[in-house]
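To be precise, the following lines are query17.txt, and they hold compact mmCIF, C-alpha atoms and all ligand atoms.
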# COMPACT_ATOMS: atom_id res chain seq x y z
CA MET A 21 -116.21 9.67 -23.88
CA ASP A 22 -118.23 8.88 -26.97
CA GLY A 23 -118.35 11.10 -30.06
CA PRO A 24 -121.53 13.11 -29.22
CA THR A 25 -120.26 13.80 -25.67
CA VAL A 26 -116.91 15.11 -26.95
CA ALA A 27 -118.77 17.34 -29.43
CA ALA A 28 -121.04 18.70 -26.65
CA VAL A 29 -118.03 19.48 -24.41
CA ALA A 30 -116.23 21.19 -27.30
CA VAL A 31 -119.29 23.34 -28.13
CA SER A 32 -119.78 24.27 -24.44
CA ALA A 33 -116.09 25.20 -24.12
CA ALA A 34 -116.30 27.31 -27.29
CA ILE A 35 -119.40 29.16 -25.98
CA ALA A 36 -117.77 29.74 -22.57
CA LEU A 37 -114.59 31.04 -24.22
CA THR A 38 -116.56 33.38 -26.50
CA LEU A 39 -118.54 34.76 -23.53
CA LEU A 40 -115.36 35.25 -21.50
CA THR A 41 -113.68 36.98 -24.45
CA CYS A 42 -116.63 39.41 -24.80
CA LEU A 43 -116.68 40.11 -21.06
CA LEU A 44 -112.94 40.65 -20.74
CA PRO A 45 -112.82 44.32 -21.91
CA PHE A 46 -115.76 45.19 -19.61
CA LEU A 47 -113.92 43.56 -16.70
CA ALA A 48 -110.68 45.36 -17.61
CA ASN A 49 -112.57 48.69 -17.73
CA TYR A 50 -114.09 48.03 -14.32
CA ILE A 51 -110.71 47.21 -12.82
CA THR A 52 -108.88 50.20 -14.35
CA ASP A 53 -111.68 52.76 -13.99
CA PHE A 54 -113.10 52.00 -10.55
CA LEU A 55 -110.60 50.24 -8.31
CA PRO A 56 -108.53 52.59 -6.10
CA LYS A 57 -105.18 53.77 -7.41
CA TRP A 58 -102.39 55.84 -6.01
CA SER A 59 -103.71 59.39 -6.10
CA GLY A 60 -101.97 62.76 -6.11
CA PHE A 61 -102.12 65.94 -4.10
CA ARG A 62 -103.85 69.20 -4.92
CA GLU A 63 -100.50 70.54 -6.14
CA ASP A 64 -100.67 67.91 -8.92
CA VAL A 65 -103.77 69.66 -10.28
CA LYS A 66 -102.30 72.53 -12.29
CA LEU A 67 -104.12 75.82 -12.78
CA ILE A 68 -103.56 77.69 -16.05
CA ASP A 69 -104.86 80.93 -17.59
CA VAL A 70 -107.19 80.61 -20.59
CA ASP A 71 -108.74 83.00 -23.08
CA LEU A 72 -112.44 82.25 -23.45
CA PRO A 73 -114.33 82.53 -26.73
CA SER A 74 -116.64 85.54 -26.58
CA THR A 75 -120.27 84.50 -26.78
CA THR A 76 -123.69 85.68 -25.68
CA ASP A 77 -125.70 82.62 -26.66
CA ILE A 78 -124.12 79.92 -24.46
CA HIS A 79 -127.48 78.46 -23.39
CA GLU A 80 -128.50 77.89 -27.00
CA TRP A 81 -125.49 75.60 -27.38
CA PHE A 82 -127.28 72.91 -25.40
CA VAL A 83 -130.41 72.61 -27.58
CA ASP A 84 -129.10 69.22 -28.81
CA GLY A 85 -127.38 68.34 -25.53
CA VAL A 86 -127.98 64.95 -23.94
CA LYS A 87 -129.38 64.96 -20.40
CA LYS A 88 -127.74 62.28 -18.26
CA ASP A 89 -130.27 60.47 -16.11
CA PRO A 90 -128.85 59.35 -12.71
CA SER A 91 -131.65 56.78 -12.29
CA ARG A 92 -130.17 54.97 -15.30
CA ASN A 93 -126.50 55.19 -14.33
CA PHE A 94 -126.40 54.12 -10.66
CA GLN A 95 -126.37 57.78 -9.51
CA HIS A 96 -123.08 58.34 -11.32
CA SER A 97 -123.93 61.56 -13.15
CA SER A 98 -126.61 64.12 -13.74
CA CYS A 99 -125.85 66.91 -16.21
CA THR A 100 -126.35 67.88 -19.84
CA LYS A 101 -123.55 66.82 -22.16
CA LEU A 102 -122.53 67.92 -25.64
CA ASP A 103 -119.89 65.82 -27.42
CA HIS A 104 -117.56 66.83 -30.26
CA PRO A 105 -120.16 66.55 -33.07
CA GLY A 106 -122.58 68.61 -30.95
CA ILE A 107 -119.92 71.26 -30.25
CA GLU A 108 -118.96 71.39 -33.93
CA LYS A 109 -122.58 72.13 -34.80
CA ALA A 110 -123.52 74.49 -31.95
CA CYS A 111 -120.32 76.27 -30.92
CA PRO A 112 -117.26 75.62 -33.11
CA CYS A 113 -115.56 78.53 -31.31
CA VAL A 114 -114.96 76.10 -28.41
CA LEU A 115 -113.01 73.78 -30.73
CA GLU A 116 -111.03 76.72 -32.10
CA ALA A 117 -110.13 77.78 -28.56
CA PHE A 118 -109.37 74.46 -26.85
CA HIS A 119 -109.11 71.57 -29.29
CA THR A 120 -105.85 72.84 -30.71
CA PRO A 121 -102.18 71.80 -30.53
CA ASP A 122 -101.46 75.22 -29.00
CA PHE A 123 -103.81 74.58 -26.05
CA ALA A 124 -102.39 71.06 -25.63
CA GLN A 125 -98.89 72.54 -25.53
CA ARG A 126 -99.86 75.03 -22.83
CA CYS A 127 -101.26 72.16 -20.74
CA ALA A 128 -98.07 70.15 -21.30
CA ARG A 129 -95.95 73.07 -20.11
CA ALA A 130 -98.02 73.42 -16.93
CA LEU A 131 -97.45 69.73 -16.16
CA GLY A 132 -93.74 69.90 -16.98
CA LEU A 133 -94.13 67.63 -20.01
CA GLN A 134 -92.55 67.92 -23.43
CA SER A 135 -95.85 67.66 -25.29
CA LEU A 136 -99.40 66.33 -25.16
CA GLN A 137 -101.59 65.01 -27.96
CA LEU A 138 -105.28 65.46 -28.65
CA ASN A 139 -107.58 62.72 -29.86
CA SER A 140 -109.67 63.25 -32.99
CA ALA A 141 -113.47 63.02 -33.10
CA GLU A 142 -113.13 60.15 -35.59
CA VAL A 143 -111.42 58.14 -32.84
CA ASP A 144 -113.50 59.36 -29.88
CA VAL A 145 -116.52 61.70 -29.94
CA ASN A 146 -115.71 62.50 -26.30
CA CYS A 147 -112.22 63.84 -27.13
CA ILE A 148 -113.70 67.20 -26.08
CA PHE A 149 -117.13 67.74 -24.56
CA LEU A 150 -119.19 70.26 -22.62
CA ARG A 151 -121.04 69.60 -19.38
CA ARG A 152 -123.73 71.84 -17.97
CA TYR A 153 -124.76 71.56 -14.30
CA VAL A 154 -128.05 73.05 -13.19
CA GLU A 155 -130.16 72.40 -10.07
CA GLY A 156 -129.68 68.84 -8.79
CA ASP A 157 -126.86 67.98 -11.21
CA PHE A 158 -123.60 66.39 -10.06
CA LEU A 159 -120.83 63.98 -11.07
CA ALA A 160 -119.91 61.19 -8.64
CA PHE A 161 -116.32 60.27 -7.73
CA HIS A 162 -114.58 58.47 -10.56
CA TYR A 163 -111.34 57.99 -12.46
CA ASP A 164 -111.13 59.02 -16.10
CA ASN A 165 -110.67 56.12 -18.49
CA ASN A 166 -107.56 55.75 -20.57
CA PHE A 167 -107.40 53.47 -23.61
CA SER A 168 -104.22 54.95 -25.05
CA ARG A 169 -100.64 53.70 -25.02
CA GLY A 170 -99.65 56.81 -23.06
CA VAL A 171 -100.74 58.68 -19.93
CA ARG A 172 -104.10 60.43 -20.04
CA TYR A 173 -104.56 63.95 -18.68
CA THR A 174 -107.74 66.02 -18.52
CA ALA A 175 -108.28 69.76 -18.83
CA VAL A 176 -111.43 71.28 -17.31
CA ILE A 177 -112.27 74.82 -18.42
CA PRO A 178 -115.21 76.70 -16.85
CA LEU A 179 -116.98 78.74 -19.55
CA HIS A 180 -119.91 80.07 -17.54
CA VAL A 181 -120.41 80.00 -13.75
CA THR A 182 -123.13 81.86 -11.88
CA ASP A 183 -122.59 83.46 -8.46
CA GLU A 184 -124.92 80.87 -6.89
CA ASN A 185 -122.91 77.93 -8.27
CA THR A 186 -122.25 75.05 -5.85
CA SER A 187 -120.86 72.60 -8.43
CA GLU A 188 -117.16 72.51 -7.61
CA PHE A 189 -114.32 70.25 -8.71
CA ILE A 190 -113.20 68.08 -5.79
CA MET A 191 -110.57 65.37 -5.51
CA ILE A 192 -109.48 62.76 -2.99
CA ASP A 193 -105.78 63.13 -2.37
CA ALA A 194 -103.16 60.49 -1.57
CA LYS A 195 -103.86 60.96 2.16
CA ASN A 196 -107.57 60.31 1.59
CA ARG A 197 -108.56 63.94 2.17
CA ILE A 198 -111.19 65.67 0.06
CA GLN A 199 -109.73 68.76 -1.61
CA ILE A 200 -111.94 71.44 -3.14
CA ILE A 201 -110.32 72.97 -6.21
CA HIS A 202 -112.10 76.19 -7.09
CA ILE A 203 -111.62 77.03 -10.77
CA PRO A 204 -112.62 80.61 -11.60
CA VAL A 205 -113.74 81.57 -15.10
CA GLY A 206 -110.63 82.57 -17.02
CA LYS A 207 -108.64 79.66 -15.52
CA ALA A 208 -108.56 75.93 -16.23
CA VAL A 209 -107.18 72.89 -14.44
CA VAL A 210 -105.18 70.09 -16.00
CA TYR A 211 -104.55 66.87 -14.08
CA ASN A 212 -104.09 63.14 -14.36
CA GLY A 213 -107.72 62.08 -14.02
CA TRP A 214 -106.84 58.42 -14.49
CA GLN A 215 -104.84 58.48 -11.24
CA ILE A 216 -106.64 61.17 -9.25
CA ARG A 217 -110.16 60.32 -8.07
CA HIS A 218 -112.40 63.33 -8.64
CA ALA A 219 -116.01 64.49 -8.70
CA ILE A 220 -118.26 67.52 -9.14
CA THR A 221 -120.42 68.53 -6.19
CA GLY A 222 -124.20 68.99 -6.46
CA GLN A 223 -125.68 72.07 -8.01
CA CYS A 224 -128.13 74.24 -6.07
CA LYS A 225 -131.30 75.98 -7.19
CA GLY A 226 -130.37 78.92 -9.40
CA GLY A 227 -126.79 77.72 -9.77
CA GLU A 228 -125.30 76.97 -13.16
CA ARG A 229 -121.87 75.85 -14.31
CA ILE A 230 -120.81 75.09 -17.88
CA VAL A 231 -117.39 73.57 -18.52
CA ALA A 232 -115.39 72.27 -21.46
CA VAL A 233 -113.44 69.04 -20.88
CA VAL A 234 -110.49 68.12 -23.10
CA HIS A 235 -108.69 64.76 -23.20
CA LEU A 236 -104.90 64.96 -23.53
CA TYR A 237 -102.39 62.13 -23.97
CA THR A 238 -98.65 61.64 -23.90
CA ASP A 239 -99.34 59.11 -26.70
CA ALA A 240 -102.91 59.03 -28.01
CA SER A 241 -102.48 55.88 -30.11
CA MET A 242 -104.22 52.68 -28.97
CA ASN A 243 -103.16 49.07 -29.15
CA TRP A 244 -105.72 46.35 -29.94
CA PHE A 245 -106.64 45.92 -26.26
CA GLY A 246 -107.23 49.67 -25.86
CA LYS A 247 -109.52 49.65 -28.90
CA TRP A 248 -111.34 46.65 -27.51
CA ARG A 249 -111.81 48.34 -24.12
CA LYS A 250 -113.03 51.52 -25.83
CA TRP A 251 -115.60 49.41 -27.71
CA ALA A 252 -116.82 48.12 -24.33
CA ARG A 253 -116.82 51.65 -22.85
CA ASP A 254 -118.91 53.00 -25.73
CA ILE A 255 -121.53 50.29 -25.12
CA THR A 256 -121.51 51.02 -21.37
CA TYR A 257 -121.89 54.78 -21.92
CA ARG A 258 -124.84 54.28 -24.27
CA ARG A 259 -126.58 51.77 -21.99
CA LEU A 260 -126.01 53.67 -18.74
CA SER A 261 -126.54 57.24 -19.94
CA LEU A 262 -123.05 58.26 -18.81
FE FE B 301 -113.51 62.94 -14.87

Could you write out this file's structure as structure tokens?
Amino acid sequence: MDGPTVAAVAVSAAIALTLLTCLLPFLANYITDFLPKWSGFREDVKLIDVDLPSTTDIHEWFVDGVKKDPSRNFQHSSCTKLDHPGIEKACPCVLEAFHTPDFAQRCARALGLQSLQLNSAEVDVNCIFLRRYVEGDFLAFHYDNNFSRGVRYTAVIPLHVTDENTSEFIMIDAKNRIQIIHIPVGKAVVYNGWQIRHAITGQCKGGERIVAVVHLYTDASMNWFGKWRKWARDITYRRLSL
């Protein structure tokens, strides 16, 4: 090969390598977040008692909430979401109740673990968030992502549920059966959402369900690949309205 041809091959190889490097975390996220894993059974979803913050203005919390548009996210989710900065501004009582080492410890005890760690908002604005489901809202089956060095668990705490509510937490167990896990107000569930495929069923007219979701980790720290995958996830969430 002559000089210009060698240079062209080298440049093409460099471009291909750069593209592959950029795509790698997206591919890793797809593989870890969507491909089937060993699941659990409904007994692996632990129910705990919770004390709710007293409030009368819960609907005002969502003034700055972000409505997720299912036509932009492949019918993955439809709901209104409030992340940590939004909660801090609208309803800090939720942080005081559930984004605390004490709450993490109670979840750890329910799972038979020594301890669980919280993430900070500086690391992930979704370390705790609220979701509100009104008519037509839902969350499709999915696994929770995990970018940490440890195991990721998720706590779901209903804060407000109307009598008409049809948005229920469901999971697919290890025998491929759909299990409906009813979570009354005053209780919460904590489970390994990275291993257990789960969803929220569609909301009916007049129904409303507001929940807090807290991320918990056996080790919340991230290695370089976890940080890289989180970078890719943040882009995906913004682009797809997730
Ligand atoms: Fe989830």

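The smallest atom-to-atom distance between ligand FE 301 (chain B) and any of A:Gly156, A:Gly213, A:Gly222, A:Gly132, using all atoms listed in the file, is found for A:Gly213.
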
Inset, instruction - Name the residues, by chain letter and number, that sit within 8 Å of ligand FE 301 (chain B) using only C-alpha atoms and all ligand atoms, and give them as number ranges by chain. - result: A: 162-164, 174, 213, 218-219

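The nearest approach to Gly227 in chain A among the residues A:Tyr153, A:Trp214, A:Tyr50, A:Trp248, with all atoms listed in the file taken into account, belongs to A:Tyr153.
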
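Across the structure, CA of Phe82 in chain A and CA of Asp157 in chain A are spaced 15.0 Å apart.
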
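The space between CA of Ala130 in chain A and CA of Gly170 in chain A spans 17.8 Å.
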
What are the nearest atom pairs, with distances in Å to one decimal, for all residues of range 33-83 of chain A that come at most 6 Å from range 175-194 of chain A, using only C-alpha atoms, set out by chain and rising residue number as a tab-separated table?
residue	atom	partner	partner_atom	distance
A:Ser59	CA	A:Ala194	CA	4.7
A:Gly60	CA	A:Ala194	CA	5.2
A:Phe61	CA	A:Asp193	CA	4.9

Inset, instruction - Could you give me, as a ChimeraX atom specification, the residues within 8 Å of Asp239 in chain A, counting all atoms listed in the file and dropping anything in the same chain fewer than 6 positions from it? - result: /A:136-137,168-171

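Nearest residue to Asp103 in chain A among A:Asp69, A:Asp84, A:Asp77, A:Glu63 is A:Asp84, counting only C-alpha atoms.
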
Output as a Markdown table one row per residue of range 27-117 of chain A within 12 Å of range 234-238 of chain A: the closest atom pair and its distance in Å to one decimal place, counting only C-alpha atoms, sorted by chain and residue number ascending.
| residue | atom | partner | partner_atom | distance |
| --- | --- | --- | --- | --- |
| A:Asp103 | CA | A:Val234 | CA | 10.6 |
| A:His104 | CA | A:Val234 | CA | 10.1 |
| A:Val114 | CA | A:Val234 | CA | 10.6 |
| A:Leu115 | CA | A:Val234 | CA | 9.8 |
| A:Ala117 | CA | A:Val234 | CA | 11.1 |

Legend entry - Computed interatomic separation between CA of Cys147 in chain A and CA of Asn165 in chain A (Å): 11.7 Å

Inset, instruction - Would you list the residues near (-127.0, 65.9, -15.5), meaning any protein, DNA or RNA residue with an atom at most 10 Å from that point in file coordinates, counting all atoms listed in the file, as a ChimeraX atom specification? - result: /A:86-90,96-101,151-159,222-223,261-262

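If all atoms listed in the file are the atoms counted, then among A:Ala110, A:Ile255, A:Val65, A:Ala36 the closest residue to Asn212 in chain A is A:Val65.
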
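In this comparison, which uses only C-alpha atoms, the residue of A:Ser135, A:Thr76, A:Thr221, A:Thr41 approaching Ala240 in chain A most closely is A:Ser135.
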
Legend entry - Spatial sel., origin (-114.7, 69.3, -23.3), limit 6 Å, only C-alpha atoms, listed as a PyMOL selection string: chain A and resi 148-150+232-234

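Taking only C-alpha atoms into account, Asn139 in chain A lies nearest to A:Asn166 out of the set A:Ser91, A:Asn166, A:Thr25, A:Gln215.
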
Find the axis-aligned box for range 99-118 of chain A, covering all its listed atoms and adding 6 Å on each side, and write its centre and edge lengths in Å to one decimal as AutoDock Vina command-line options.
--center_x -117.9 --center_y 72.2 --center_z -25.5 --size_x 29.0 --size_y 24.7 --size_z 30.6
